[in-house]
$ cat structure-v5.cif   # mmCIF, C-alpha atoms and all ligand atoms
data_target
loop_
_atom_site.group_PDB
_atom_site.id
_atom_site.type_symbol
_atom_site.label_atom_id
_atom_site.label_comp_id
_atom_site.auth_asym_id
_atom_site.auth_seq_id
_atom_site.Cartn_x
_atom_site.Cartn_y
_atom_site.Cartn_z
ATOM 1 C CA MET A 69 -47.397 241.902 -9.553
ATOM 2 C CA LYS A 70 -45.246 239.117 -8.212
ATOM 3 C CA TYR A 71 -44.707 236.295 -10.742
ATOM 4 C CA ALA A 72 -43.873 232.672 -10.054
ATOM 5 C CA THR A 73 -43.429 229.741 -12.395
ATOM 6 C CA ARG A 74 -43.744 225.974 -12.596
ATOM 7 C CA VAL A 75 -40.537 224.031 -11.953
ATOM 8 C CA ASN A 76 -41.664 220.873 -13.774
ATOM 9 C CA SER A 77 -41.748 222.811 -17.056
ATOM 10 C CA PHE A 78 -37.986 223.203 -16.660
ATOM 11 C CA LEU A 79 -37.454 219.585 -15.654
ATOM 12 C CA ARG A 80 -38.968 218.161 -18.832
ATOM 13 C CA ILE A 81 -35.670 217.727 -20.711
ATOM 14 C CA ASN A 82 -33.119 217.844 -17.911
ATOM 15 C CA LYS A 83 -34.231 216.163 -14.691
ATOM 16 C CA ASP A 84 -31.807 218.014 -12.405
ATOM 17 C CA LEU A 85 -33.615 220.340 -10.001
ATOM 18 C CA LYS A 86 -30.491 222.427 -9.397
ATOM 19 C CA LYS A 87 -30.212 223.174 -13.127
ATOM 20 C CA ALA A 88 -33.950 223.895 -13.415
ATOM 21 C CA ILE A 89 -33.793 226.444 -10.590
ATOM 22 C CA GLY A 90 -30.691 227.968 -12.210
ATOM 23 C CA ASP A 91 -32.543 228.293 -15.529
ATOM 24 C CA ILE A 92 -35.535 229.944 -13.830
ATOM 25 C CA GLY A 93 -33.203 232.323 -11.975
ATOM 26 C CA LYS A 94 -32.003 233.693 -15.316
ATOM 27 C CA ILE A 95 -35.515 234.782 -16.343
ATOM 28 C CA ASP A 96 -36.177 238.455 -15.795
ATOM 29 C CA GLY A 97 -39.455 238.927 -13.926
ATOM 30 C CA ILE A 98 -39.704 235.661 -11.993
ATOM 31 C CA GLU A 99 -39.339 236.268 -8.257
ATOM 32 C CA CYS A 100 -40.396 232.961 -6.796
ATOM 33 C CA ILE A 101 -41.211 229.341 -7.489
ATOM 34 C CA ASP A 102 -43.479 226.665 -6.103
ATOM 35 C CA LEU A 103 -42.045 223.271 -5.236
ATOM 36 C CA ASN A 104 -43.823 219.934 -5.035
ATOM 37 C CA TYR A 105 -43.637 217.779 -1.949
ATOM 38 C CA PRO A 106 -42.344 215.107 -1.808
ATOM 39 C CA GLU A 107 -41.202 214.875 -5.447
ATOM 40 C CA HIS A 108 -38.839 217.880 -5.511
ATOM 41 C CA PHE A 109 -37.077 216.888 -2.305
ATOM 42 C CA GLN A 110 -36.020 213.386 -3.265
ATOM 43 C CA THR A 111 -32.560 214.071 -4.702
ATOM 44 C CA TYR A 112 -31.537 217.144 -2.725
ATOM 45 C CA SER A 113 -32.134 218.034 0.926
ATOM 46 C CA VAL A 114 -34.323 220.934 2.030
ATOM 47 C CA GLU A 115 -31.186 222.937 2.914
ATOM 48 C CA GLU A 116 -29.665 222.259 -0.504
ATOM 49 C CA VAL A 117 -32.834 223.305 -2.352
ATOM 50 C CA LYS A 118 -33.044 226.438 -0.216
ATOM 51 C CA GLY A 119 -29.443 227.190 -1.173
ATOM 52 C CA PHE A 120 -30.246 226.844 -4.900
ATOM 53 C CA LEU A 121 -33.045 229.383 -4.519
ATOM 54 C CA GLU A 122 -30.863 231.870 -2.629
ATOM 55 C CA VAL A 123 -28.010 231.659 -5.159
ATOM 56 C CA ASN A 124 -30.492 232.430 -7.927
ATOM 57 C CA GLY A 125 -32.281 235.289 -6.168
ATOM 58 C CA LEU A 126 -35.541 233.369 -5.909
ATOM 59 C CA SER A 127 -37.858 232.723 -2.989
ATOM 60 C CA CYS A 128 -40.274 229.904 -2.251
ATOM 61 C CA ASN A 129 -43.896 230.889 -2.775
ATOM 62 C CA ALA A 130 -45.595 227.612 -1.938
ATOM 63 C CA ILE A 131 -45.140 223.932 -1.366
ATOM 64 C CA ASN A 132 -47.648 221.917 -3.384
ATOM 65 C CA LEU A 133 -48.742 218.549 -2.061
ATOM 66 C CA ARG A 134 -48.390 215.735 -4.560
ATOM 67 C CA PHE A 135 -50.201 212.557 -3.613
ATOM 68 C CA ARG A 136 -49.048 209.514 -5.546
ATOM 69 C CA ASP A 137 -50.314 206.003 -6.254
ATOM 70 C CA GLU A 138 -51.009 204.839 -2.718
ATOM 71 C CA PHE A 139 -53.691 207.560 -2.590
ATOM 72 C CA LEU A 140 -55.341 206.460 -5.844
ATOM 73 C CA ASN A 141 -58.654 205.789 -4.096
ATOM 74 C CA GLY A 142 -58.683 209.034 -2.118
ATOM 75 C CA GLU A 143 -56.461 211.165 0.098
ATOM 76 C CA PHE A 144 -58.203 212.796 3.092
ATOM 77 C CA GLY A 145 -61.465 211.021 2.237
ATOM 78 C CA ASN A 146 -60.020 207.537 1.750
ATOM 79 C CA THR A 147 -62.245 204.861 3.332
ATOM 80 C CA GLN A 148 -59.113 203.147 4.627
ATOM 81 C CA ILE A 149 -58.502 205.390 7.587
ATOM 82 C CA GLU A 150 -54.770 204.630 7.746
ATOM 83 C CA VAL A 151 -54.377 205.977 4.177
ATOM 84 C CA SER A 152 -56.267 209.132 5.146
ATOM 85 C CA GLU A 153 -53.990 209.556 8.170
ATOM 86 C CA LYS A 154 -50.962 209.116 5.931
ATOM 87 C CA ALA A 155 -52.264 211.915 3.673
ATOM 88 C CA ILE A 156 -52.624 214.203 6.702
ATOM 89 C CA GLU A 157 -49.076 213.339 7.830
ATOM 90 C CA LEU A 158 -47.762 214.137 4.370
ATOM 91 C CA CYS A 159 -49.382 217.581 4.603
ATOM 92 C CA LYS A 160 -47.794 218.187 8.007
ATOM 93 C CA GLU A 161 -44.388 217.213 6.620
ATOM 94 C CA ALA A 162 -44.948 219.553 3.672
ATOM 95 C CA ALA A 163 -45.822 222.356 6.104
ATOM 96 C CA ASP A 164 -42.553 221.764 7.986
ATOM 97 C CA VAL A 165 -40.613 221.827 4.716
ATOM 98 C CA CYS A 166 -42.440 225.015 3.708
ATOM 99 C CA LYS A 167 -41.464 226.650 6.993
ATOM 100 C CA ALA A 168 -37.823 225.595 6.573
ATOM 101 C CA MET A 169 -37.882 226.975 3.026
ATOM 102 C CA GLU A 170 -39.437 230.227 4.329
ATOM 103 C CA GLY A 171 -42.314 229.636 1.944
ATOM 104 C CA ASP A 172 -45.634 231.474 2.190
ATOM 105 C CA GLN A 173 -48.107 228.582 2.167
ATOM 106 C CA ILE A 174 -48.910 224.999 1.340
ATOM 107 C CA ILE A 175 -51.337 224.165 -1.452
ATOM 108 C CA ILE A 176 -53.492 221.062 -1.230
ATOM 109 C CA TRP A 177 -55.105 219.692 -4.378
ATOM 110 C CA LEU A 178 -57.091 216.564 -3.573
ATOM 111 C CA GLY A 179 -56.969 215.010 -7.043
ATOM 112 C CA PHE A 180 -57.998 211.550 -5.870
ATOM 113 C CA ASP A 181 -60.775 212.427 -3.429
ATOM 114 C CA GLY A 182 -63.929 211.995 -5.434
ATOM 115 C CA PHE A 183 -65.759 209.306 -7.368
ATOM 116 C CA ASP A 184 -66.147 207.818 -10.822
ATOM 117 C CA TYR A 185 -69.450 205.930 -10.414
ATOM 118 C CA SER A 186 -72.813 206.459 -8.770
ATOM 119 C CA PHE A 187 -73.059 204.738 -5.375
ATOM 120 C CA GLN A 188 -69.245 204.607 -5.195
ATOM 121 C CA ILE A 189 -68.823 206.792 -2.091
ATOM 122 C CA ASP A 190 -70.795 207.894 0.935
ATOM 123 C CA TYR A 191 -70.806 211.622 0.134
ATOM 124 C CA VAL A 192 -71.631 212.917 3.603
ATOM 125 C CA LYS A 193 -69.227 210.595 5.401
ATOM 126 C CA VAL A 194 -66.354 211.405 3.035
ATOM 127 C CA TRP A 195 -67.113 215.134 3.251
ATOM 128 C CA GLU A 196 -66.992 215.104 7.044
ATOM 129 C CA GLN A 197 -63.755 213.127 7.024
ATOM 130 C CA VAL A 198 -62.198 215.699 4.687
ATOM 131 C CA VAL A 199 -63.395 218.558 6.935
ATOM 132 C CA ARG A 200 -61.693 216.941 9.946
ATOM 133 C CA ALA A 201 -58.502 216.363 7.951
ATOM 134 C CA PHE A 202 -58.279 220.023 6.896
ATOM 135 C CA ARG A 203 -58.792 221.076 10.519
ATOM 136 C CA GLN A 204 -55.921 218.828 11.611
ATOM 137 C CA VAL A 205 -53.568 220.264 8.991
ATOM 138 C CA CYS A 206 -54.607 223.879 9.672
ATOM 139 C CA ASP A 207 -54.230 223.430 13.443
ATOM 140 C CA TYR A 208 -50.811 221.821 13.047
ATOM 141 C CA THR A 209 -49.241 224.698 11.116
ATOM 142 C CA GLN A 210 -49.507 228.441 11.476
ATOM 143 C CA LEU A 211 -48.854 228.771 7.761
ATOM 144 C CA PRO A 212 -51.629 229.536 5.316
ATOM 145 C CA VAL A 213 -53.154 226.368 3.865
ATOM 146 C CA SER A 214 -54.680 226.740 0.452
ATOM 147 C CA ILE A 215 -57.205 224.501 -1.318
ATOM 148 C CA GLU A 216 -56.794 224.195 -5.074
ATOM 149 C CA TYR A 217 -59.936 222.819 -6.646
ATOM 150 C CA LYS A 218 -60.412 221.088 -9.986
ATOM 151 C CA PRO A 219 -63.713 219.688 -11.300
ATOM 152 C CA TYR A 220 -62.342 216.401 -12.702
ATOM 153 C CA GLU A 221 -59.082 214.689 -13.700
ATOM 154 C CA GLU A 222 -57.834 212.525 -11.854
ATOM 155 C CA ARG A 223 -61.366 211.404 -10.885
ATOM 156 C CA VAL A 224 -64.432 211.600 -13.109
ATOM 157 C CA HIS A 225 -65.866 213.789 -10.318
ATOM 158 C CA CYS A 226 -63.577 215.424 -7.762
ATOM 159 C CA LEU A 227 -65.091 215.956 -4.335
ATOM 160 C CA ILE A 228 -63.963 219.594 -4.136
ATOM 161 C CA ASP A 229 -64.893 220.446 -7.685
ATOM 162 C CA SER A 230 -65.864 224.107 -7.850
ATOM 163 C CA PHE A 231 -65.631 227.554 -6.328
ATOM 164 C CA GLY A 232 -68.898 226.965 -4.474
ATOM 165 C CA THR A 233 -67.927 223.571 -3.050
ATOM 166 C CA THR A 234 -64.526 224.920 -2.039
ATOM 167 C CA MET A 235 -66.165 227.752 -0.136
ATOM 168 C CA MET A 236 -68.522 225.279 1.581
ATOM 169 C CA MET A 237 -65.405 223.430 2.746
ATOM 170 C CA VAL A 238 -63.644 226.615 3.878
ATOM 171 C CA GLU A 239 -66.742 227.749 5.774
ATOM 172 C CA GLU A 240 -67.171 224.388 7.462
ATOM 173 C CA VAL A 241 -63.505 223.917 8.422
ATOM 174 C CA LYS A 242 -63.603 227.392 10.046
ATOM 175 C CA ARG A 243 -59.893 228.115 10.283
ATOM 176 C CA ASP A 244 -58.415 231.548 9.614
ATOM 177 C CA ASN A 245 -55.382 230.044 7.866
ATOM 178 C CA LEU A 246 -57.472 228.156 5.303
ATOM 179 C CA GLY A 247 -57.958 229.821 1.932
ATOM 180 C CA VAL A 248 -58.122 229.158 -1.786
ATOM 181 C CA THR A 249 -55.824 228.806 -4.785
ATOM 182 C CA LEU A 250 -57.657 229.603 -7.983
ATOM 183 C CA ASP A 251 -56.542 227.993 -11.233
ATOM 184 C CA PHE A 252 -57.778 229.696 -14.415
ATOM 185 C CA CYS A 253 -58.009 226.467 -16.464
ATOM 186 C CA HIS A 254 -59.773 224.602 -13.674
ATOM 187 C CA MET A 255 -62.384 227.353 -13.528
ATOM 188 C CA LEU A 256 -62.876 227.192 -17.310
ATOM 189 C CA MET A 257 -63.355 223.412 -17.027
ATOM 190 C CA LYS A 258 -66.174 224.066 -14.525
ATOM 191 C CA LYS A 259 -67.632 226.741 -16.852
ATOM 192 C CA GLU A 260 -67.037 229.373 -14.184
ATOM 193 C CA ASN A 261 -66.075 232.930 -15.026
ATOM 194 C CA PRO A 262 -62.647 233.239 -13.362
ATOM 195 C CA ALA A 263 -63.077 236.870 -12.290
ATOM 196 C CA PHE A 264 -66.167 236.084 -10.185
ATOM 197 C CA ALA A 265 -64.298 233.828 -7.762
ATOM 198 C CA THR A 266 -61.269 236.133 -7.894
ATOM 199 C CA ALA A 267 -63.244 239.199 -6.800
ATOM 200 C CA TRP A 268 -65.266 237.347 -4.169
ATOM 201 C CA LEU A 269 -62.194 235.809 -2.536
ATOM 202 C CA LEU A 270 -60.140 239.009 -2.658
ATOM 203 C CA GLU A 271 -62.971 240.866 -0.919
ATOM 204 C CA ARG A 272 -62.752 238.327 1.935
ATOM 205 C CA ASN A 273 -58.931 237.986 2.056
ATOM 206 C CA LYS A 274 -59.250 234.343 1.076
ATOM 207 C CA LEU A 275 -57.396 234.368 -2.236
ATOM 208 C CA PHE A 276 -54.027 232.901 -1.308
ATOM 209 C CA ASN A 277 -52.682 232.089 -4.765
ATOM 210 C CA MET A 278 -53.537 232.742 -8.399
ATOM 211 C CA HIS A 279 -52.648 230.138 -11.021
ATOM 212 C CA LEU A 280 -52.776 231.583 -14.512
ATOM 213 C CA ASN A 281 -52.787 229.666 -17.784
ATOM 214 C CA ASP A 282 -55.342 229.279 -20.562
ATOM 215 C CA GLY A 283 -57.298 226.618 -22.393
ATOM 216 C CA GLU A 284 -60.365 225.661 -24.382
ATOM 217 C CA GLY A 285 -62.253 224.674 -21.255
ATOM 218 C CA SER A 286 -62.703 220.915 -21.621
ATOM 219 C CA THR A 287 -59.438 219.769 -20.089
ATOM 220 C CA ASP A 288 -56.531 221.253 -18.149
ATOM 221 C CA ASP A 289 -54.775 222.492 -21.307
ATOM 222 C CA GLY A 290 -52.178 224.650 -19.542
ATOM 223 C CA LEU A 291 -51.756 226.942 -22.534
ATOM 224 C CA MET A 292 -49.877 230.214 -22.247
ATOM 225 C CA VAL A 293 -51.592 233.033 -20.336
ATOM 226 C CA GLY A 294 -54.024 235.153 -22.329
ATOM 227 C CA THR A 295 -53.734 233.169 -25.574
ATOM 228 C CA VAL A 296 -57.360 231.974 -25.656
ATOM 229 C CA ASN A 297 -59.401 234.025 -23.182
ATOM 230 C CA LEU A 298 -57.707 237.408 -23.229
ATOM 231 C CA TRP A 299 -60.587 239.491 -21.893
ATOM 232 C CA LYS A 300 -61.399 237.012 -19.133
ATOM 233 C CA THR A 301 -57.721 237.138 -18.123
ATOM 234 C CA LEU A 302 -57.799 240.916 -18.200
ATOM 235 C CA GLU A 303 -60.854 240.902 -15.953
ATOM 236 C CA VAL A 304 -58.990 238.711 -13.424
ATOM 237 C CA PHE A 305 -56.067 241.162 -13.504
ATOM 238 C CA TYR A 306 -58.449 244.064 -12.962
ATOM 239 C CA TYR A 307 -59.526 242.568 -9.621
ATOM 240 C CA LEU A 308 -55.977 241.562 -8.643
ATOM 241 C CA LYS A 309 -54.948 245.182 -9.156
ATOM 242 C CA LYS A 310 -58.090 246.679 -7.610
ATOM 243 C CA TYR A 311 -57.466 244.754 -4.384
ATOM 244 C CA ASP A 312 -53.677 245.162 -4.605
ATOM 245 C CA PHE A 313 -53.100 241.404 -4.483
ATOM 246 C CA LYS A 314 -49.822 240.681 -2.690
ATOM 247 C CA GLY A 315 -49.651 236.962 -3.438
ATOM 248 C CA ALA A 316 -47.996 235.346 -6.408
ATOM 249 C CA VAL A 317 -49.357 235.006 -9.893
ATOM 250 C CA TYR A 318 -48.096 231.546 -10.801
ATOM 251 C CA PHE A 319 -47.810 230.310 -14.369
ATOM 252 C CA ASP A 320 -49.356 226.855 -14.255
ATOM 253 C CA THR A 321 -48.704 226.199 -17.923
ATOM 254 C CA PHE A 322 -47.418 223.081 -19.658
ATOM 255 C CA PRO A 323 -44.818 223.780 -22.348
ATOM 256 C CA LYS A 324 -44.724 220.371 -24.009
ATOM 257 C CA ARG A 325 -43.221 221.363 -27.346
ATOM 258 C CA GLU A 326 -41.960 224.826 -26.413
ATOM 259 C CA ALA A 327 -38.715 225.811 -24.735
ATOM 260 C CA ALA A 328 -39.592 226.336 -21.066
ATOM 261 C CA ASP A 329 -37.646 229.589 -20.721
ATOM 262 C CA SER A 330 -39.127 231.335 -23.770
ATOM 263 C CA GLU A 331 -42.609 230.044 -22.882
ATOM 264 C CA CYS A 332 -42.221 231.539 -19.402
ATOM 265 C CA GLU A 333 -40.984 234.816 -20.875
ATOM 266 C CA ALA A 334 -44.031 234.895 -23.146
ATOM 267 C CA ASN A 335 -46.267 234.541 -20.066
ATOM 268 C CA ILE A 336 -44.479 237.435 -18.384
ATOM 269 C CA ALA A 337 -44.703 239.575 -21.523
ATOM 270 C CA MET A 338 -48.449 238.871 -21.814
ATOM 271 C CA CYS A 339 -49.106 239.649 -18.146
ATOM 272 C CA ARG A 340 -47.121 242.867 -18.272
ATOM 273 C CA ARG A 341 -48.988 243.923 -21.413
ATOM 274 C CA ILE A 342 -52.334 243.203 -19.753
ATOM 275 C CA GLU A 343 -51.267 245.119 -16.644
ATOM 276 C CA ASN A 344 -50.237 247.998 -18.897
ATOM 277 C CA MET A 345 -53.592 247.947 -20.732
ATOM 278 C CA ILE A 346 -55.370 248.294 -17.385
ATOM 279 C CA ASP A 347 -53.037 250.989 -16.068
ATOM 280 C CA THR A 348 -53.279 253.036 -19.251
ATOM 281 C CA TYR A 349 -57.063 252.838 -19.471
ATOM 282 C CA GLY A 350 -57.334 253.426 -15.729
ATOM 283 C CA LEU A 351 -58.469 251.227 -12.864
ATOM 284 C CA GLU A 352 -61.148 253.694 -11.739
ATOM 285 C CA LYS A 353 -62.435 254.167 -15.253
ATOM 286 C CA ILE A 354 -62.869 250.389 -15.562
ATOM 287 C CA GLY A 355 -64.693 250.475 -12.229
ATOM 288 C CA ARG A 356 -67.148 253.008 -13.644
ATOM 289 C CA ILE A 357 -67.802 250.746 -16.655
ATOM 290 C CA VAL A 358 -68.585 247.862 -14.254
ATOM 291 C CA GLU A 359 -70.976 250.109 -12.313
ATOM 292 C CA LYS A 360 -72.830 250.997 -15.507
ATOM 293 C CA ASN A 361 -73.829 247.332 -15.978
ATOM 294 C CA ASP A 362 -73.952 247.925 -19.735
ATOM 295 C CA ALA A 363 -72.546 245.411 -22.232
ATOM 296 C CA VAL A 364 -72.083 247.890 -25.080
ATOM 297 C CA SER A 365 -69.946 250.115 -22.848
ATOM 298 C CA VAL A 366 -67.849 247.035 -22.064
ATOM 299 C CA SER A 367 -67.306 246.295 -25.749
ATOM 300 C CA ASN A 368 -66.451 249.949 -26.386
ATOM 301 C CA MET A 369 -63.937 249.794 -23.533
ATOM 302 C CA PHE A 370 -62.269 246.800 -25.216
ATOM 303 C CA VAL A 371 -61.997 248.750 -28.484
ATOM 304 C CA ALA A 372 -60.575 251.749 -26.616
ATOM 305 C CA MET A 373 -57.981 249.505 -24.977
ATOM 306 C CA LEU A 374 -56.931 248.108 -28.362
ATOM 307 C CA ASN A 375 -56.765 251.632 -29.780
ATOM 308 C CA GLN A 376 -54.653 252.921 -26.909
ATOM 309 C CA MET A 377 -52.106 250.178 -27.634
ATOM 310 C CA ALA A 378 -51.874 251.222 -31.253
ATOM 311 C CA VAL A 379 -51.313 254.928 -30.561
ATOM 312 C CA SER A 380 -49.002 254.858 -27.542
ATOM 313 C CA PRO A 381 -45.347 255.266 -28.619
ATOM 314 C CA GLY A 382 -44.173 253.652 -25.375
ATOM 315 C CA ASN A 383 -46.258 250.603 -26.107
ATOM 316 C CA ALA A 384 -44.994 250.383 -29.683
ATOM 317 C CA LEU A 385 -41.437 250.380 -28.359
ATOM 318 C CA ALA A 386 -42.245 247.727 -25.777
ATOM 319 C CA ALA A 387 -43.988 245.599 -28.410
ATOM 320 C CA GLU A 388 -40.936 245.849 -30.647
ATOM 321 C CA LYS A 389 -38.714 244.748 -27.765
ATOM 322 C CA ILE A 390 -40.906 241.724 -27.126
ATOM 323 C CA CYS A 391 -40.817 240.775 -30.827
ATOM 324 C CA VAL A 392 -36.984 240.855 -30.807
HETATM 325 MN MN MN B 1 -52.864 224.879 -10.683
#
$ encode --input "structure-v5.cif" --output "C-alpha cells" --more "lines below"
Ligand SMILES: [Mn+2]
Amino acid sequence: MKYATRVNSFLRINKDLKKAIGDIGKIDGIECIDLNYPEHFQTYSVEEVKGFLEVNGLSCNAINLRFRDEFLNGEFGNTQIEVSEKAIELCKEAADVCKAMEGDQIIIWLGFDGFDYSFQIDYVKVWEQVVRAFRQVCDYTQLPVSIEYKPYEERVHCLIDSFGTTMMMVEEVKRDNLGVTLDFCHMLMKKENPAFATAWLLERNKLFNMHLNDGEGSTDDGLMVGTVNLWKTLEVFYYLKKYDFKGAVYFDTFPKREAADSECEANIAMCRRIENMIDTYGLEKIGRIVEKNDAVSVSNMFVAMLNQMAVSPGNALAAEKICV
C-alpha cells in the first residue's frame, strides 16, 4: 500500500514548508504527500516545492483545494455568482499546479457550500449550480477530480454531506474524471460504515483517495489510525487489498500534542500490522467469511486474527521492533 501524510501536521511548530517536507522525507514508509492550494504555495514557487519533494524522494499525490474567508457563504454554490466563478477559477489554478507538480489528482472539499438554517438556501438551485461548476472543472483538466465529503463543520449542514449525496453529484455531473475521496472520520460523523462506501467505489473505479484516521464519531477528531475503530479499519483495508487499490492511503490525522514524526510512524506501524493481519489470515478466507453472512463466524475470525498475532514469531519480532 502506498502511504501519504498530512503536511500541516509537520508545520505546527515550524512554519517552513521546506523543513516540513524534509522531515517527512526522513520517515520510512511515506512515499508521497498532499499539498494545499493556495496555502502551501505562498512562500515558495511551484518549481521550488517540486524540488523539495524530489530531493526528499517524495512525490505529489494530490493538491487539496482550500477555500478561505471570501467563500464563507459558499464556494461553487455561492449565490453571488462572481464568488462561485472565483471558486471555479481557483480549482483550475490548482489543477495547473497539480499538473506542474506531476500530482495524481485534485481534491475538492466544499466546506462552505451548505446551510445553517431552514429556508437559508434554495436547495435545487444551489445543487444545479454546483453540478455545473464540477463540470467546468472536470472539462478544464484531464486530471482526476475528487470530491471529499463531510457531513458538517464548517456548516451546520454541508451540501455534499454523505456517500449517497456524493454519488448523486458524481452521477449527475457525468464526467469520467470525477471520483471520490473517502475520509474515515467524516464517514463516522455521518454514522456510515466506512467499508461500505469503500467497496462500492472500488467496484466502480471511483475511489480516488483514501483518508485514514480515527475518532469517536461526533466530530472530525483526526486520531491515529486504528486506535478507536480497529475492526472497521481492518474491514476497509480488506477491500483496499481485495481490489488492489493503487491510490494513496493518506493519514488525515491531527497530532496536536504529539510529535508529528512519531505520530506518523505510529500510523504506518498500525497500517502495516493491519495489512499483516489480513495477509496472514488470508484474503480469500476473509472473503468466505463475508459470503457466510454469519456474525458469529465474524467474531471467531477476529479471535483467530488476535491468536495468530500471539503465536507468530515473525510478528513478535516486528512488535518488539515497533516498541523500541
Ligand atoms: Mn480528509
$ residues_near_ligand --input "structure-v5.cif" --ligand "ligand MN 1 (chain B)" --cutoff "9 Å" --atoms "only C-alpha atoms and all ligand atoms" --output "PDB file with C-alpha atoms, in the frame of the given file"
ATOM      1  CA  TRP A 177     -55.105 219.692  -4.378  1.00  0.00           C
ATOM      2  CA  GLU A 216     -56.794 224.195  -5.074  1.00  0.00           C
ATOM      3  CA  TYR A 217     -59.936 222.819  -6.646  1.00  0.00           C
ATOM      4  CA  LYS A 218     -60.412 221.088  -9.986  1.00  0.00           C
ATOM      5  CA  THR A 249     -55.824 228.806  -4.785  1.00  0.00           C
ATOM      6  CA  LEU A 250     -57.657 229.603  -7.983  1.00  0.00           C
ATOM      7  CA  ASP A 251     -56.542 227.993 -11.233  1.00  0.00           C
ATOM      8  CA  PHE A 252     -57.778 229.696 -14.415  1.00  0.00           C
ATOM      9  CA  CYS A 253     -58.009 226.467 -16.464  1.00  0.00           C
ATOM     10  CA  HIS A 254     -59.773 224.602 -13.674  1.00  0.00           C
ATOM     11  CA  MET A 278     -53.537 232.742  -8.399  1.00  0.00           C
ATOM     12  CA  HIS A 279     -52.648 230.138 -11.021  1.00  0.00           C
ATOM     13  CA  LEU A 280     -52.776 231.583 -14.512  1.00  0.00           C
ATOM     14  CA  ASN A 281     -52.787 229.666 -17.784  1.00  0.00           C
ATOM     15  CA  GLY A 290     -52.178 224.650 -19.542  1.00  0.00           C
ATOM     16  CA  TYR A 318     -48.096 231.546 -10.801  1.00  0.00           C
ATOM     17  CA  PHE A 319     -47.810 230.310 -14.369  1.00  0.00           C
ATOM     18  CA  ASP A 320     -49.356 226.855 -14.255  1.00  0.00           C
ATOM     19  CA  THR A 321     -48.704 226.199 -17.923  1.00  0.00           C
TER      20      THR A 321
END
$ resolve_selection --input "structure-v5.cif" --expression "the PyMOL selection byres (((chain A and resi 72-88) around 6) and not hetatm)" --output "VMD selection string"
chain A and resid 71 89 to 91 98 100 to 101 317 to 320 328
$ write_last_selection --input "structure-v5.cif" --atoms "C-alpha atoms" --output "PDB file, keeping the file's coordinate frame"
ATOM      1  CA  TYR A  71     -44.707 236.295 -10.742  1.00  0.00           C
ATOM      2  CA  ILE A  89     -33.793 226.444 -10.590  1.00  0.00           C
ATOM      3  CA  GLY A  90     -30.691 227.968 -12.210  1.00  0.00           C
ATOM      4  CA  ASP A  91     -32.543 228.293 -15.529  1.00  0.00           C
ATOM      5  CA  ILE A  98     -39.704 235.661 -11.993  1.00  0.00           C
ATOM      6  CA  CYS A 100     -40.396 232.961  -6.796  1.00  0.00           C
ATOM      7  CA  ILE A 101     -41.211 229.341  -7.489  1.00  0.00           C
ATOM      8  CA  VAL A 317     -49.357 235.006  -9.893  1.00  0.00           C
ATOM      9  CA  TYR A 318     -48.096 231.546 -10.801  1.00  0.00           C
ATOM     10  CA  PHE A 319     -47.810 230.310 -14.369  1.00  0.00           C
ATOM     11  CA  ASP A 320     -49.356 226.855 -14.255  1.00  0.00           C
ATOM     12  CA  ALA A 328     -39.592 226.336 -21.066  1.00  0.00           C
TER      13      ALA A 328
END
$ closest_residue --input "structure-v5.cif" --among "A:Asp137, A:Glu143, A:Asp244, A:Glu99" --to "A:Ile156" --atoms "all atoms listed in the file"
A:Glu143
$ resolve_selection --input "structure-v5.cif" --expression "the PyMOL selection byres (((chain A and resi 199) around 9) and not hetatm)" --output "list in words"
Phe144, Val194, Trp195, Glu196, Gln197, Val198, Arg200, Ala201, Phe202, Arg203, Gln204, Met237, Val238, Glu240 and Val241 of chain A
$ residues_near_point --input "structure-v5.cif" --point "(-52.4, 229.7, -25.3)" --cutoff "9 Å" --atoms "all atoms listed in the file" --output "VMD selection string"
chain A and resid 281 to 284 289 to 297 321
$ atom_distance --input "structure-v5.cif" --atom1 "atom CA of A:Leu256" --atom2 "atom CA of A:Ile354"
23.3 Å
$ closest_residue --input "structure-v5.cif" --among "A:Phe180, A:Phe276, A:Phe370, A:Phe187" --to "A:Leu227" --atoms "only C-alpha atoms"
A:Phe180
$ residues_around --input "structure-v5.cif" --residues "A:Ala337" --least-positions-apart "2" --cutoff "10 Å" --atoms "only C-alpha atoms" --output "list in words"
Gly97, Val293, Glu331, Cys332, Glu333, Ala334, Asn335, Cys339, Arg340, Arg341, Ile342, Glu343, Ala386, Ala387 and Ile390 of chain A
$ residues_around --input "structure-v5.cif" --residues "A:Tyr191" --least-positions-apart "5" --cutoff "12 Å" --atoms "only C-alpha atoms" --output "ChimeraX atom specification"
/A:145-147,181-183,186,196-198,225-228
$ residues_near_point --input "structure-v5.cif" --point "(-69.5, 228.7, -5.8)" --cutoff "10 Å" --atoms "all atoms listed in the file" --output "CSV table (one decimal) with C-alpha atoms, in the frame of the given file"
chain,number,residue,atom,x,y,z
A,229,ASP,CA,-64.9,220.4,-7.7
A,230,SER,CA,-65.9,224.1,-7.8
A,231,PHE,CA,-65.6,227.6,-6.3
A,232,GLY,CA,-68.9,227.0,-4.5
A,233,THR,CA,-67.9,223.6,-3.0
A,234,THR,CA,-64.5,224.9,-2.0
A,235,MET,CA,-66.2,227.8,-0.1
A,236,MET,CA,-68.5,225.3,1.6
A,260,GLU,CA,-67.0,229.4,-14.2
A,264,PHE,CA,-66.2,236.1,-10.2
A,265,ALA,CA,-64.3,233.8,-7.8
A,268,TRP,CA,-65.3,237.3,-4.2
$ residues_around --input "structure-v5.cif" --residues "A:Pro212" --least-positions-apart "6" --cutoff "12 Å" --atoms "only C-alpha atoms" --output "list in words"
Asn129, Ala130, Ile131, Ala163, Cys166, Lys167, Gly171, Asp172, Gln173, Ile174, Ile175, Ile176, Phe202, Val205, Cys206, Arg243, Asp244, Asn245, Leu246, Gly247, Val248, Thr249, Asn273, Lys274, Leu275, Phe276, Asn277 and Gly315 of chain A
$ closest_residue --input "structure-v5.cif" --among "A:Ile336, A:Lys310, A:Ala267, A:Ser365" --to "A:Glu352" --atoms "only C-alpha atoms"
A:Lys310
$ residues_around --input "structure-v5.cif" --residues "stretch 119-125 of chain A" --least-positions-apart "2" --cutoff "6 Å" --atoms "all atoms listed in the file" --output "list of chain:residue names"
A:Gly93, A:Glu116, A:Val117
$ write_last_selection --input "structure-v5.cif" --atoms "C-alpha atoms" --output "CSV table (one decimal), keeping the file's coordinate frame"
chain,number,residue,atom,x,y,z
A,93,GLY,CA,-33.2,232.3,-12.0
A,116,GLU,CA,-29.7,222.3,-0.5
A,117,VAL,CA,-32.8,223.3,-2.4
